[in-house]
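Peer 1: One structure, as structure tokens, below. Some questions next.
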Amino acid sequence: MVSGKRRGYARARRRGHRSAPATRCGTIARNRLDPRIALKATLRLQLPRLAELAPQVPLRFALVQQGQAVRSGELTMAQLAATLPPVPAAAILHPADANLAAVVLPPLPAHRMASAVAGAAEPLLLGDSEPYALAHGARAANGATPIAWADRSALARAWALLADAGLPVQALVPAPLALPLPEDGELVLAVQDHVLLARAGRDAGSALVLPDDARAAAANAMAWLRLTWQRQPQAQPVWLGAVPSWYAQPGPDAPAPRVLPADAGWGASLPAWSLALPALRPRRMQASTWRRPLAWAAAAAALWLLGLNLHAARLSREADAVRAQMAAAVRAAFPDIPVVLDPLRQATQRRDALLAAVGDRVADDVVTLALAGARLLPAGAQVDRLHYEDGVLAVSTVGDVGARALDPDTAARARDLDLEIEQRDGTWLLRPRVLGAGIGADTGVLAPRAGLGPNGGAR
């Protein structure tokens, strides 16, 4: 049902908003609220006409905790922001600023609901929906979908004013849906600024603008209520604050009215939807455009660091395994080392110590014998073949050089090099002259003495 005629709303706009008398709230005006209360509280604001909203205009408010108003009063925006902590807030629009209706829609996917609601609302708006902020609730099983609309520019201006004052408003609720939530079979009613408000469910509400003349207002209101009770004969009327003087039983079988306290509306359960559209959200309340890219970058950096740590842990395990293998190899090669801390360095030092203990020359070193033979062979001799076996190097030469008799000078020079040289069947034979004792006797290592240097030359 369309909530009131546009002509009636025009008359309500001309009358303006008549603020309720201020409620004295000295505690909240002088002191900041107890943080323990504010932590679980929400703020409800009752707005005047959107065209009249200004920073210096007092606003009726209530701080609601667990469905009860724990603080209430009337303060300007600046006073509210200075007095109350930044708790979530909901603003209740003036009845003349927001309209409610219900349209029937077929089952549609979520991304097509907005365009379907705009098309269904155009006959109610008497024109294009572009100048209006249009919101809708959830579609019921019978297809009924609640919708609400208000002037887009006025709504955006009011929301920006509240945000600039430091009031974080998260919902802009039409007045009928801010009445106490009725129980099954009830109809909650109230009169506010010559507007009759009714709420029949969580998302169902309506409003009727009453004329200035009291008699005409009473006649219009009773006619509307009789029509309502013809549709819902057993509906229990529940009045907020007080029963109007013009109210009469709409029928002989109509239930007697019930009355709720005037402040019961502050703790009303609000619908899950409102006119606080994302497109109208004030710049101050909008999330930074860099927030999502920065969040993705932070997530990527965290993932990279995690992968880097995993890779470093794997490399550390591999390095530990290699060090363990090296330590085992060093212990096997040098059992006399008690503790292996630096395998490579300890193995190098141990090898150098063993080499220093056994001397510079190995008895069966073919290189040493070959260098010595190069110095002992006659000039011009050309080597045909080398054969090394059991510490003896056999040198075969090309031509008749090997067949010549051994020169005494060559034998003397060989003795100076601690070598023995002889000629047999045209082949020169070179072997160490003296073997050392101890380790050298078992391993073929010559004892250190004057003779060949590291490069095979005489010392």
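Residues are named by chain letter and number: chains run A, B, ... in the order of the structure tokens, numbers start at 1 in each chain, and ligands are numbered from 1 in the order shown.
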Please report, as a PyMOL selection string, each residue of range 157-273 of chain A to which DSSP assigns strand (DSSP E) when run on this structure's backbone.
Peer 2: chain A and resi 169-173+186-192+195-199+205-209+236-240+258-260
Peer 1: Just list as a PyMOL selection string whatever in range 193-427 of chain A DSSP marks as alpha helix (DSSP H).
Peer 2: chain A and resi 214-231+291-333+343-358+366-376+408-416
Peer 1: What gap, in Å, lies between CA of Ala221 in chain A and CA of Ala62 in chain A?
Peer 2: 29.1 Å
Peer 1: When you count only C-alpha atoms, which of these residues is closest to Ala264 in chain A: A:Leu315, A:Ala163, A:Val87, A:Leu179?
Peer 2: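 Using only C-alpha atoms, Ala264 in chain A sits closest to A:Leu179.
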Peer 1: Given only C-alpha atoms, how would the per-residue table for range 44-115 of chain A near range 200-209 of chain A read, listing every residue at most 12 Å away with its closest atom pair and distance in Å to one decimal, sorted by chain and number, as CSV?
Peer 2:
residue,atom,partner,partner_atom,distance
A:His94,CA,A:Ala207,CA,11.1
A:Pro95,CA,A:Ala207,CA,7.4
A:Ala96,CA,A:Val209,CA,8.1
A:Asp97,CA,A:Ala207,CA,11.2
A:Ala98,CA,A:Ala207,CA,9.6
A:Asn99,CA,A:Ala207,CA,7.8
A:Leu100,CA,A:Ser206,CA,5.9
A:Ala101,CA,A:Ser206,CA,7.1
A:Ala102,CA,A:Ala204,CA,7.9
A:Val103,CA,A:Ala204,CA,11.4
Peer 1: Restricting the calculation to only C-alpha atoms: of A:Glu122, A:Pro168, A:Ala140, A:Ile337, which residue gets closest to Gln349 in chain A?
Peer 2: A:Ile337
Peer 1: Which residues are near Ala178 in chain A? Cut-off 9 Å, only C-alpha atoms, ignore same chain within fewer than 3 positions. Put them as a PyMOL selection string.
Peer 2: chain A and resi 92+173-175+181+199+265-271
